[in-house]
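Reproduced below: upload_31.cif, with mmCIF, C-alpha atoms.
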data_coords
#
loop_
_atom_site.label_atom_id
_atom_site.label_comp_id
_atom_site.auth_asym_id
_atom_site.auth_seq_id
_atom_site.Cartn_x
_atom_site.Cartn_y
_atom_site.Cartn_z
CA MET O 1 -6.59 38.56 33.96
CA ASN O 2 -6.89 41.60 31.75
CA MET O 3 -8.87 41.86 28.55
CA LYS O 4 -5.78 41.57 26.32
CA ASN O 5 -4.88 38.19 27.76
CA ILE O 6 -8.43 36.92 27.43
CA ILE O 7 -8.47 37.97 23.77
CA LYS O 8 -5.12 36.25 23.20
CA ILE O 9 -6.35 32.99 24.75
CA LEU O 10 -9.61 33.13 22.82
CA SER O 11 -7.75 33.78 19.55
CA PHE O 12 -5.46 30.83 20.23
CA LEU O 13 -8.40 28.52 20.95
CA LEU O 14 -10.16 29.77 17.83
CA LEU O 15 -7.05 29.07 15.77
CA ILE O 16 -6.79 25.50 17.06
CA ASN O 17 -10.48 24.93 16.47
CA SER O 18 -10.33 26.35 12.96
CA PHE O 19 -7.43 24.02 12.15
CA ASN O 20 -9.39 21.00 13.35
CA VAL O 21 -12.39 22.07 11.31
CA PHE O 22 -10.10 22.58 8.31
CA SER O 23 -8.51 19.15 8.81
CA GLN O 24 -11.84 17.39 9.02
CA ASN O 25 -13.06 19.27 5.98
CA VAL O 26 -10.05 18.29 3.87
CA ALA O 27 -10.70 14.60 4.50
CA SER O 28 -14.50 14.72 4.38
CA ASP O 29 -14.42 16.82 1.21
CA ASP O 30 -12.21 14.12 -0.32
CA ALA O 31 -14.58 11.34 0.74
CA GLN O 32 -17.54 13.17 -0.76
CA MET O 33 -15.62 14.11 -3.89
CA PHE O 34 -14.68 10.47 -4.62
CA LYS O 35 -18.24 9.33 -3.99
CA ASP O 36 -19.50 12.04 -6.37
CA TYR O 37 -16.90 11.04 -8.93
CA PHE O 38 -17.97 7.40 -8.96
CA SER O 39 -21.67 8.32 -8.85
CA LYS O 40 -21.32 10.51 -11.91
CA ARG O 41 -19.18 8.03 -13.75
CA PHE O 42 -21.40 5.04 -13.01
CA PRO O 43 -24.86 6.53 -12.40
CA ASN O 44 -26.57 3.12 -12.37
CA ILE O 45 -24.51 1.85 -9.47
CA GLU O 46 -25.53 2.78 -5.93
CA ILE O 47 -22.74 3.80 -3.56
CA GLU O 48 -23.58 0.88 -1.22
CA GLU O 49 -22.88 -1.57 -4.05
CA TYR O 50 -19.19 -0.64 -4.17
CA VAL O 51 -18.51 -3.05 -1.30
CA ASP O 52 -18.68 -5.81 -3.92
CA GLY O 53 -15.60 -4.50 -5.72
CA SER O 54 -15.14 -5.16 -9.41
CA TYR O 55 -18.08 -7.60 -9.43
CA ILE O 56 -20.43 -4.63 -9.74
CA PHE O 57 -19.15 -4.21 -13.31
CA ASP O 58 -19.53 -7.83 -14.41
CA GLU O 59 -22.83 -9.65 -13.90
CA ASP O 60 -21.48 -13.12 -14.78
CA ALA O 61 -18.51 -12.79 -12.47
CA LYS O 62 -20.78 -11.53 -9.71
CA GLU O 63 -23.08 -14.50 -10.10
CA GLN O 64 -20.15 -16.92 -9.81
CA TRP O 65 -18.75 -15.00 -6.85
CA LEU O 66 -22.08 -15.13 -5.02
CA GLU O 67 -22.19 -18.88 -5.57
CA ILE O 68 -18.73 -19.18 -4.02
CA GLU O 69 -19.94 -17.07 -1.10
CA ASP O 70 -22.64 -19.70 -0.41
CA PHE O 71 -19.92 -22.10 0.79
CA PRO O 72 -16.99 -19.74 1.23
CA PRO O 73 -13.45 -21.07 1.48
CA TYR O 74 -12.69 -18.60 4.30
CA GLU O 75 -15.19 -20.30 6.62
CA PHE O 76 -12.44 -22.40 8.20
CA ASP O 77 -10.37 -19.26 8.70
CA ILE O 78 -13.19 -17.63 10.68
CA GLU O 79 -13.47 -20.73 12.88
CA ARG O 80 -9.72 -20.92 13.38
CA GLY O 81 -9.61 -17.17 13.98
CA GLN O 82 -12.24 -17.43 16.71
CA GLU O 83 -10.33 -20.28 18.33
CA LEU O 84 -7.12 -18.22 18.31
CA PHE O 85 -8.94 -15.12 19.50
CA GLU O 86 -10.45 -16.92 22.47
CA THR O 87 -7.33 -18.85 23.46
CA PRO O 88 -5.85 -17.19 26.56
CA PHE O 89 -2.27 -15.93 26.55
CA THR O 90 0.17 -17.49 28.98
CA ASN O 91 -0.66 -14.73 31.48
CA GLY O 92 -4.32 -15.74 31.40
CA LYS O 93 -5.55 -12.67 29.50
CA SER O 94 -6.81 -12.77 25.92
CA TYR O 95 -7.20 -10.53 22.86
CA ALA O 96 -10.56 -9.37 24.23
CA SER O 97 -8.73 -7.56 27.02
CA CYS O 98 -6.98 -5.25 24.54
CA PHE O 99 -9.98 -4.04 22.55
CA GLU O 100 -13.10 -2.00 23.03
CA ASN O 101 -16.24 -4.16 23.33
CA ASN O 102 -13.94 -7.17 23.90
CA GLY O 103 -12.89 -7.00 20.25
CA ILE O 104 -16.33 -7.90 18.90
CA GLY O 105 -17.80 -5.77 16.08
CA ILE O 106 -15.05 -3.15 16.02
CA LYS O 107 -13.37 -3.57 12.63
CA GLN O 108 -15.24 -0.52 11.25
CA LYS O 109 -13.16 1.71 13.53
CA TYR O 110 -9.80 0.56 12.15
CA PRO O 111 -7.32 1.88 11.13
CA LYS O 112 -7.45 4.55 13.81
CA TRP O 113 -5.18 7.39 14.78
CA ASN O 114 -3.51 6.83 18.15
CA GLU O 115 -2.71 10.14 19.78
CA ALA O 116 -0.33 8.64 22.34
CA GLN O 117 1.70 6.74 19.76
CA LYS O 118 1.32 9.48 17.14
CA ALA O 119 0.66 6.77 14.58
CA VAL O 120 -2.02 5.04 12.56
CA ILE O 121 -2.92 1.70 14.11
CA THR O 122 -4.39 -0.93 11.80
CA LEU O 123 -6.35 -3.88 13.16
CA GLU O 124 -3.52 -6.34 12.49
CA TYR O 125 -1.02 -3.95 14.06
CA ALA O 126 -3.27 -3.67 17.12
CA ILE O 127 -3.51 -7.47 17.34
CA ASN O 128 0.27 -7.71 17.49
CA GLN O 129 0.52 -4.82 19.94
CA CYS O 130 -1.94 -6.73 22.10
CA ARG O 131 0.26 -9.81 21.94
CA GLU O 132 3.40 -7.86 22.79
CA SER O 133 1.76 -6.11 25.72
CA ASN O 134 0.89 -9.56 27.04
CA ASN O 135 4.45 -10.86 26.57
CA GLU O 136 3.59 -12.92 23.51
CA ILE O 137 5.65 -13.08 20.33
CA PRO O 138 4.06 -10.99 17.55
CA LEU O 139 2.57 -12.94 14.65
CA ALA O 140 3.94 -12.79 11.12
CA TYR O 141 1.89 -10.37 9.03
CA GLY O 142 0.10 -11.01 5.74
CA LYS O 143 -1.42 -14.46 6.15
CA GLY O 144 -1.86 -17.33 8.58
CA ASP O 145 -2.88 -16.73 12.19
CA ILE O 146 -3.04 -12.95 11.97
CA ALA O 147 -5.26 -13.05 8.88
CA GLN O 148 -7.50 -15.62 10.57
CA ILE O 149 -7.90 -13.57 13.76
CA SER O 150 -8.56 -10.51 11.62
CA ALA O 151 -11.08 -12.49 9.54
CA TYR O 152 -12.95 -13.49 12.69
CA MET O 153 -12.97 -9.89 13.93
CA ALA O 154 -14.20 -8.69 10.52
CA PHE O 155 -16.91 -11.37 10.57
CA THR O 156 -18.19 -10.08 13.92
CA SER O 157 -18.30 -6.59 12.40
CA ARG O 158 -20.29 -7.43 9.27
CA GLY O 159 -22.87 -4.79 8.51
CA ASN O 160 -21.25 -2.22 10.78
CA ILE O 161 -20.70 1.09 9.05
CA ILE O 162 -17.10 2.23 8.54
CA ASP O 163 -16.43 5.20 10.75
CA ILE O 164 -12.83 6.39 10.55
CA GLN O 165 -11.92 9.62 12.29
CA VAL O 166 -9.43 12.14 10.91
CA SER O 167 -9.53 15.04 13.30
CA THR O 168 -6.12 16.18 14.51
CA LYS O 169 -3.18 17.85 12.83
CA GLU O 170 -1.09 14.67 12.93
CA SER O 171 -3.89 12.43 11.74
CA ILE O 172 -4.60 14.66 8.76
CA GLU O 173 -0.90 14.53 7.90
CA ALA O 174 -0.98 10.73 8.00
CA TYR O 175 -4.14 10.75 5.88
CA LEU O 176 -2.52 13.06 3.32
CA GLN O 177 0.61 10.92 3.18
CA GLY O 178 -1.58 7.92 2.40
CA LYS O 179 -3.39 9.92 -0.24
CA LYS O 180 -0.15 11.07 -1.83
CA TYR O 181 1.12 7.50 -1.94
CA TYR O 182 -2.08 6.34 -3.67
CA PHE O 183 -1.78 8.95 -6.42
CA SER O 184 1.99 8.83 -6.98
CA LYS O 185 3.39 6.92 -9.91
CA ARG O 186 6.07 4.42 -8.92
CA GLY O 187 7.89 1.31 -10.05
CA GLN O 188 9.46 0.50 -13.38
CA LEU O 189 6.02 0.56 -15.01
CA ASN O 190 5.48 4.08 -13.67
CA MET O 191 2.00 3.44 -12.33
CA ALA O 192 0.07 4.77 -9.36
CA CYS O 193 -2.58 2.83 -7.42
CA ALA O 194 -5.05 5.33 -8.86
CA ASN O 195 -4.17 4.38 -12.44
CA CYS O 196 -5.91 1.04 -11.95
CA HIS O 197 -8.42 1.70 -9.18
CA VAL O 198 -9.70 5.15 -10.20
CA ALA O 199 -9.04 5.83 -13.87
CA THR O 200 -9.26 2.22 -15.08
CA SER O 201 -11.96 0.91 -12.73
CA ASN O 202 -14.56 -0.90 -14.90
CA LEU O 203 -12.06 -1.32 -17.76
CA ARG O 204 -10.07 -4.46 -18.35
CA LEU O 205 -6.39 -4.86 -17.55
CA ARG O 206 -5.67 -7.96 -19.61
CA ASN O 207 -8.42 -10.27 -18.33
CA GLU O 208 -9.13 -8.56 -15.03
CA ILE O 209 -11.28 -5.63 -13.99
CA PRO O 210 -9.58 -3.79 -11.13
CA GLY O 211 -11.79 -3.04 -8.16
CA PRO O 212 -12.75 0.61 -7.77
CA MET O 213 -11.11 2.65 -5.02
CA LEU O 214 -14.43 3.17 -3.27
CA GLY O 215 -15.24 0.12 -1.17
CA GLN O 216 -11.80 -1.32 -1.73
CA VAL O 217 -11.24 -1.95 1.98
CA THR O 218 -14.62 -3.22 3.16
CA HIS O 219 -14.20 -6.92 2.45
CA TRP O 220 -10.76 -7.73 3.92
CA PRO O 221 -9.24 -10.13 4.85
CA VAL O 222 -9.83 -11.97 1.61
CA TYR O 223 -9.49 -15.55 0.46
CA ARG O 224 -7.89 -15.18 -2.95
CA SER O 225 -7.97 -18.09 -5.35
CA LYS O 226 -4.54 -17.02 -6.53
CA TRP O 227 -3.15 -17.32 -2.99
CA GLU O 228 -5.17 -20.41 -2.10
CA ASN O 229 -5.50 -18.96 1.40
CA THR O 230 -6.67 -15.89 3.25
CA GLY O 231 -4.56 -12.74 3.40
CA THR O 232 -4.68 -9.21 4.69
CA ILE O 233 -5.06 -6.02 2.71
CA GLN O 234 -1.40 -5.16 3.15
CA ARG O 235 -0.49 -8.42 1.46
CA ARG O 236 -2.43 -7.08 -1.51
CA PHE O 237 -0.60 -3.73 -1.26
CA LYS O 238 2.65 -5.64 -1.59
CA GLY O 239 1.27 -7.57 -4.55
CA CYS O 240 0.18 -4.37 -6.29
CA ASN O 241 3.60 -2.79 -5.76
CA THR O 242 5.30 -5.86 -7.15
CA GLN O 243 3.01 -5.92 -10.19
CA VAL O 244 4.06 -2.41 -11.21
CA ARG O 245 7.68 -3.48 -10.58
CA ALA O 246 8.11 -1.35 -7.51
CA LYS O 247 9.87 -2.69 -4.45
CA ALA O 248 7.21 -3.71 -1.95
CA LEU O 249 7.44 -2.08 1.47
CA GLU O 250 7.50 -3.86 4.81
CA TYR O 251 4.22 -5.01 6.33
CA GLN O 252 2.79 -2.38 8.64
CA SER O 253 5.37 0.18 7.57
CA GLU O 254 4.23 3.71 8.33
CA THR O 255 3.53 4.24 4.63
CA TYR O 256 1.28 1.19 4.30
CA ARG O 257 -0.57 2.05 7.52
CA ASN O 258 -1.18 5.59 6.26
CA LEU O 259 -2.32 4.24 2.91
CA GLU O 260 -4.80 1.93 4.62
CA TYR O 261 -5.98 4.87 6.75
CA PHE O 262 -6.64 7.02 3.68
CA LEU O 263 -8.37 4.25 1.73
CA THR O 264 -10.58 3.28 4.63
CA TYR O 265 -11.58 6.86 5.35
CA ILE O 266 -12.71 7.25 1.73
CA SER O 267 -15.09 4.32 2.31
CA ASN O 268 -16.63 5.86 5.43
CA GLY O 269 -20.37 5.15 5.43
CA LEU O 270 -20.05 1.78 3.69
CA PRO O 271 -20.64 -1.43 5.65
CA ILE O 272 -18.00 -4.01 6.53
CA ASN O 273 -18.61 -7.15 4.46
CA GLY O 274 -15.41 -9.07 5.14
CA PRO O 275 -14.03 -11.58 5.03
CA SER O 276 -14.71 -12.30 1.41
CA THR O 277 -13.42 -14.14 -1.62
CA ARG O 278 -11.69 -12.80 -4.69
CA LYS O 279 -9.96 -14.24 -7.72
CA MET C 1 4.53 19.06 -20.08
CA ILE C 2 3.25 16.23 -17.89
CA ILE C 3 2.67 14.04 -20.90
CA LYS C 4 6.17 14.82 -22.20
CA LYS C 5 7.78 13.90 -18.90
CA THR C 6 5.69 10.74 -18.62
CA VAL C 7 6.66 9.74 -22.15
CA VAL C 8 10.35 10.34 -21.40
CA VAL C 9 10.20 8.28 -18.20
CA LEU C 10 8.33 5.49 -19.98
CA LEU C 11 10.78 5.49 -22.89
CA LEU C 12 13.79 5.34 -20.59
CA THR C 13 12.10 2.61 -18.59
CA PHE C 14 11.44 0.64 -21.75
CA LEU C 15 14.98 1.09 -23.03
CA LEU C 16 16.56 0.11 -19.73
CA SER C 17 14.34 -2.89 -19.26
CA ASN C 18 15.44 -4.11 -22.69
CA CYS C 19 19.15 -3.52 -22.14
CA ASP C 20 21.22 -6.60 -22.82
CA SER C 21 22.31 -7.98 -19.49
CA SER C 22 23.59 -11.27 -20.84
CA GLN C 23 26.89 -12.65 -19.66
CA SER C 24 29.91 -10.95 -21.19
CA ASP C 25 32.41 -13.14 -23.02
CA GLU C 26 35.28 -10.82 -22.22
CA LYS C 27 36.44 -12.26 -18.94
CA ILE C 28 39.74 -10.98 -17.62
CA ASP C 29 42.51 -13.50 -17.77
CA LEU C 30 43.86 -13.36 -14.24
CA ASN C 31 47.25 -14.70 -15.34
CA SER C 32 47.97 -12.33 -18.23
CA ASP C 33 48.47 -8.77 -17.06
CA PRO C 34 48.61 -8.12 -13.29
CA ASN C 35 48.29 -4.32 -13.67
CA LYS C 36 45.26 -4.58 -15.94
CA VAL C 37 43.62 -7.00 -13.55
CA SER C 38 44.12 -4.79 -10.54
CA ASP C 39 42.81 -1.77 -12.52
CA ASN C 40 39.69 -3.70 -13.43
CA VAL C 41 39.18 -4.92 -9.89
CA ALA C 42 39.51 -1.37 -8.60
CA ASP C 43 37.18 0.08 -11.27
CA SER C 44 34.65 -2.66 -10.82
CA LYS C 45 34.65 -2.33 -7.06
CA LYS C 46 34.43 1.45 -7.22
CA ILE C 47 31.48 1.42 -9.61
CA LEU C 48 29.79 -1.34 -7.64
CA ASP C 49 30.15 0.71 -4.44
CA ASN C 50 28.75 3.75 -6.27
CA ALA C 51 25.79 1.67 -7.41
CA LYS C 52 25.19 0.37 -3.88
CA ASN C 53 25.29 3.89 -2.46
CA ALA C 54 23.09 5.26 -5.22
CA LEU C 55 20.41 2.66 -4.51
CA LYS C 56 20.70 3.15 -0.76
CA ASN C 57 20.03 6.85 -1.24
CA VAL C 58 16.75 6.33 -3.10
CA ASP C 59 13.62 6.62 -0.98
CA ALA C 60 12.25 3.10 -0.30
CA GLU C 61 8.85 4.14 -1.69
CA PHE C 62 10.39 4.76 -5.09
CA GLN C 63 12.79 1.85 -5.40
CA TRP C 64 12.13 -0.55 -8.23
CA ARG C 65 11.43 -4.22 -7.78
CA ASP C 66 14.38 -5.78 -9.60
CA THR C 67 17.18 -3.27 -9.14
CA HIS C 68 18.61 -5.00 -6.09
CA LEU C 69 18.73 -8.24 -8.09
CA ILE C 70 20.84 -6.52 -10.74
CA LEU C 71 23.09 -5.27 -7.96
CA GLU C 72 23.41 -8.79 -6.55
CA ASN C 73 24.38 -10.04 -9.99
CA ALA C 74 26.96 -7.25 -10.29
CA ASP C 75 28.42 -8.38 -6.97
CA LYS C 76 28.48 -12.02 -8.10
CA ALA C 77 30.09 -11.07 -11.42
CA MET C 78 32.85 -9.17 -9.66
CA ASN C 79 33.53 -12.05 -7.31
CA ALA C 80 33.67 -14.39 -10.31
CA GLY C 81 36.22 -12.15 -12.03
CA ASP C 82 33.86 -10.97 -14.74
CA PHE C 83 34.66 -7.29 -14.25
CA LYS C 84 33.13 -6.04 -17.47
CA LEU C 85 29.78 -7.58 -16.66
CA SER C 86 30.01 -6.27 -13.12
CA ILE C 87 30.67 -2.74 -14.39
CA ASP C 88 27.83 -2.98 -16.94
CA LEU C 89 25.37 -4.13 -14.32
CA SER C 90 26.53 -1.54 -11.79
CA ASN C 91 26.07 1.18 -14.38
CA LYS C 92 22.60 -0.16 -15.12
CA VAL C 93 21.76 0.12 -11.41
CA ILE C 94 23.07 3.70 -11.34
CA GLN C 95 20.96 4.59 -14.41
CA GLN C 96 17.89 3.11 -12.77
CA THR C 97 18.48 5.07 -9.57
CA VAL C 98 18.57 8.26 -11.67
CA LEU C 99 15.17 7.35 -13.09
CA MET C 100 13.82 6.50 -9.62
CA THR C 101 14.93 9.90 -8.36
CA GLU C 102 13.30 11.64 -11.33
CA GLN C 103 10.16 9.61 -10.75
CA LYS C 104 10.06 10.75 -7.13
CA GLN C 105 10.55 14.38 -8.15
CA PHE C 106 7.81 14.04 -10.74
CA ALA C 107 5.49 12.46 -8.16
CA ASN C 108 6.18 15.22 -5.66
CA GLU C 109 5.29 17.81 -8.25
CA TYR C 110 2.40 16.21 -10.11
CA TRP C 111 0.81 13.53 -7.86
CA GLN C 112 -2.40 15.53 -7.55
CA ASP C 113 -2.91 15.44 -11.31
CA LEU C 114 -4.30 11.90 -11.01
CA ILE C 115 -7.02 12.98 -8.58
CA PRO C 116 -10.28 13.25 -10.48
CA LYS C 117 -11.63 16.76 -10.76
CA SER C 118 -14.71 17.36 -8.67
CA ASN C 119 -16.84 18.88 -11.43
#

Please render this file's structure as structure tokens.
Amino acid sequence: MNMKNIIKILSFLLLINSFNVFSQNVASDDAQMFKDYFSKRFPNIEIEEYVDGSYIFDEDAKEQWLEIEDFPPYEFDIERGQELFETPFTNGKSYASCFENNGIGIKQKYPKWNEAQKAVITLEYAINQCRESNNEIPLAYGKGDIAQISAYMAFTSRGNIIDIQVSTKESIEAYLQGKKYYFSKRGQLNMACANCHVATSNLRLRNEIPGPMLGQVTHWPVYRSKWENTGTIQRRFKGCNTQVRAKALEYQSETYRNLEYFLTYISNGLPINGPSTRK
Amino acid sequence: MIIKKTVVVLLLTFLLSNCDSSQSDEKIDLNSDPNKVSDNVADSKKILDNAKNALKNVDAEFQWRDTHLILENADKAMNAGDFKLSIDLSNKVIQQTVLMTEQKQFANEYWQDLIPKSN
């Protein structure tokens, strides 16, 4: 091999490496920028506190919420979720066979970019992929069994630090698509997610304080009093879309998965504290 | 510029959401004038098809919550022989799809404006 070819190969490798570094920087710069933004805006609130959502802005509401958390309504969902998780499929295998560490304490790594599928895989999506690969019918998304299994898996991950990776060209594209969705105005009310969860966080929208973007993903699945049951984060995405009079997208659509990927990456470094309760 | 565009979109949204979509009293008498009836059927169907196509062509991410309901009502009105109402509702759908498309263009151009500045 002559010197010219060696230089060409080295240049190519350098180019690929520089792109990966660039990609990681774009996302990590974002994560730091949003943390800085909230730190400057609310200097008395520590970054770790953002896992409590809008309750960090309202002492009375937080007190009531903590009382609910003493005997949480999602407790039955965790138990049911564990039962479902441990029930073998008809082929004798179980969910544990599909996940790293047998599915225990892994929620902090989801959503993750899957290089083979060239797609973002959320935890609920992975649960259904697991079922399908074991010849089981996929579960309906949003609530019910899938939310309960997810709640159990989140429960086993409590305290684990969110660690989402964005490191390849395709994953950075998915991340950026999620980011663009979050900041784009849509629906008849012409509102973006960011209008409520960035600009208006700590202000009231009618009688509610919207949760800030940072830490927005740490506590899912959630038992919402409004729902009277436990639901997944994408159920909330649909609700938000509907509230601004936009047509809600399908569960686990590429757009929603990318949105969840972006939002979770922004909360890298915060601990999982799901499942939880919300109004 | 951004504020102007936002104000225009909001105004149009407000105006459209307050458009009168109540039932029209001017139903076509199917026994009176066969030519007029067939004209209205053709017009109504054509505009309804245009509305359906217009909505189909809007990116799912930018479709509005209730537009397909208006389209369903336009379909029902045509089937019930209320061609004027069907045309009104179809036109409303077409107007909304124009706004959806403008909203998407605006988002493509200005979505980063909502990202807080780092300093």

Nearest residue to chain O out of C:Arg65, C:Lys117, C:Lys4, C:Lys104, using all atoms listed in the file?
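Ranked by minimum distance to chain O, first place goes to C:Arg65.
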
With 7 Å as the cut-off and all atoms listed in the file counted, what is the closest atom pair between each nearby residue of chain O and chain C? Distances in Å to one decimal, ordered by chain and number, as CSV.
residue,atom,partner,partner_atom,distance
O:Met33,CA,C:Ser118,CA,5.9
O:Tyr37,CA,C:Ser118,CA,6.7
O:Lys180,CA,C:Trp111,CA,6.6
O:Phe183,CA,C:Trp111,CA,5.5
O:Ser184,CA,C:Trp111,CA,4.9
O:Lys185,CA,C:Ala107,CA,6.2
O:Arg186,CA,C:Phe62,CA,5.8
O:Gly187,CA,C:Trp64,CA,5.0
O:Gln188,CA,C:Trp64,CA,5.9
O:Ala194,CA,C:Leu114,CA,7.0
O:Thr242,CA,C:Arg65,CA,6.4
O:Arg245,CA,C:Arg65,CA,4.7
O:Ala246,CA,C:Trp64,CA,4.2
O:Lys247,CA,C:Arg65,CA,4.0

Test item: the PyMOL selection byres ((chain O and resi 108) around 12) resolved as JSON, numbers by chain
{"O": [103, 104, 105, 106, 107, 109, 110, 111, 112, 122, 123, 153, 154, 155, 156, 157, 158, 159, 160, 161, 162, 163, 164, 165, 217, 218, 219, 220, 261, 264, 265, 267, 268, 269, 270, 271, 272, 273, 274]}

Work out how far atom CA of O:Cys240 is from atom CA of O:Asn202, in Å to one decimal.
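Separation of atom CA of O:Asn202 and atom CA of O:Cys240: 17.4 Å.
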
Write out as JSON, numbers by chain which residues come within 10 Å of C:Val98 when counting only C-alpha atoms, dropping same-chain ones fewer than 6 positions away.
{"C": [54, 55, 58, 92, 104]}

Give me the result of the PyMOL selection byres ((chain O and resi 130-144) around 8) on this file, residue by residue, as a list in words.
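Written out, the selection comes to Phe89, Thr90, Asn91, Lys93, Tyr95, Cys98, Glu124, Ala126, Ile127, Asn128, Gln129, Asp145, Ile146, Ala147, Gln148, Asn229, Thr230, Gly231, Thr232, Ile233, Gln234, Arg235 and Tyr251 of chain O.
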
Output C-alpha atoms for every residue in the selection just made, as a PDB file, in the frame of the given file.
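Okay, result.pdb is ready:
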ATOM      1  CA  PHE O  89      -2.270 -15.930  26.550  1.00  0.00           C
ATOM      2  CA  THR O  90       0.170 -17.490  28.980  1.00  0.00           C
ATOM      3  CA  ASN O  91      -0.660 -14.730  31.480  1.00  0.00           C
ATOM      4  CA  LYS O  93      -5.550 -12.670  29.500  1.00  0.00           C
ATOM      5  CA  TYR O  95      -7.200 -10.530  22.860  1.00  0.00           C
ATOM      6  CA  CYS O  98      -6.980  -5.250  24.540  1.00  0.00           C
ATOM      7  CA  GLU O 124      -3.520  -6.340  12.490  1.00  0.00           C
ATOM      8  CA  ALA O 126      -3.270  -3.670  17.120  1.00  0.00           C
ATOM      9  CA  ILE O 127      -3.510  -7.470  17.340  1.00  0.00           C
ATOM     10  CA  ASN O 128       0.270  -7.710  17.490  1.00  0.00           C
ATOM     11  CA  GLN O 129       0.520  -4.820  19.940  1.00  0.00           C
ATOM     12  CA  ASP O 145      -2.880 -16.730  12.190  1.00  0.00           C
ATOM     13  CA  ILE O 146      -3.040 -12.950  11.970  1.00  0.00           C
ATOM     14  CA  ALA O 147      -5.260 -13.050   8.880  1.00  0.00           C
ATOM     15  CA  GLN O 148      -7.500 -15.620  10.570  1.00  0.00           C
ATOM     16  CA  ASN O 229      -5.500 -18.960   1.400  1.00  0.00           C
ATOM     17  CA  THR O 230      -6.670 -15.890   3.250  1.00  0.00           C
ATOM     18  CA  GLY O 231      -4.560 -12.740   3.400  1.00  0.00           C
ATOM     19  CA  THR O 232      -4.680  -9.210   4.690  1.00  0.00           C
ATOM     20  CA  ILE O 233      -5.060  -6.020   2.710  1.00  0.00           C
ATOM     21  CA  GLN O 234      -1.400  -5.160   3.150  1.00  0.00           C
ATOM     22  CA  ARG O 235      -0.490  -8.420   1.460  1.00  0.00           C
ATOM     23  CA  TYR O 251       4.220  -5.010   6.330  1.00  0.00           C
TER      24      TYR O 251
END

Please compute the atom CA of O:Glu254-atom CA of O:Gly239 distance, one decimal, in Å.
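Answer for the atom CA of O:Glu254 to atom CA of O:Gly239 separation: 17.4 Å.
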
For a test of reading the model, state the distance in Å between atom CA of O:Arg236 and atom CA of O:Ser94, rounded to one decimal.
28.4 Å

Mind telling me what the PyMOL selection byres ((chain C and resi 78-83) around 7) catches here, as a VMD selection string?
chain C and resid 27 to 28 40 to 41 44 74 to 77 84 to 87

Give me, as a compact mmCIF listing (two decimals) with C-alpha atoms, in the coordinates of the input, all polymer residues having an atom no more than 9 Å from O:Lys226, counting all atoms listed in the file and skipping those fewer than 3 positions away in the same chain.
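Contents of the output file out-v5.txt:
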# COMPACT_ATOMS: atom_id res chain seq x y z
CA TYR O 223 -9.49 -15.55 0.46
CA ASN O 229 -5.50 -18.96 1.40
CA ARG O 278 -11.69 -12.80 -4.69
CA LYS O 279 -9.96 -14.24 -7.72
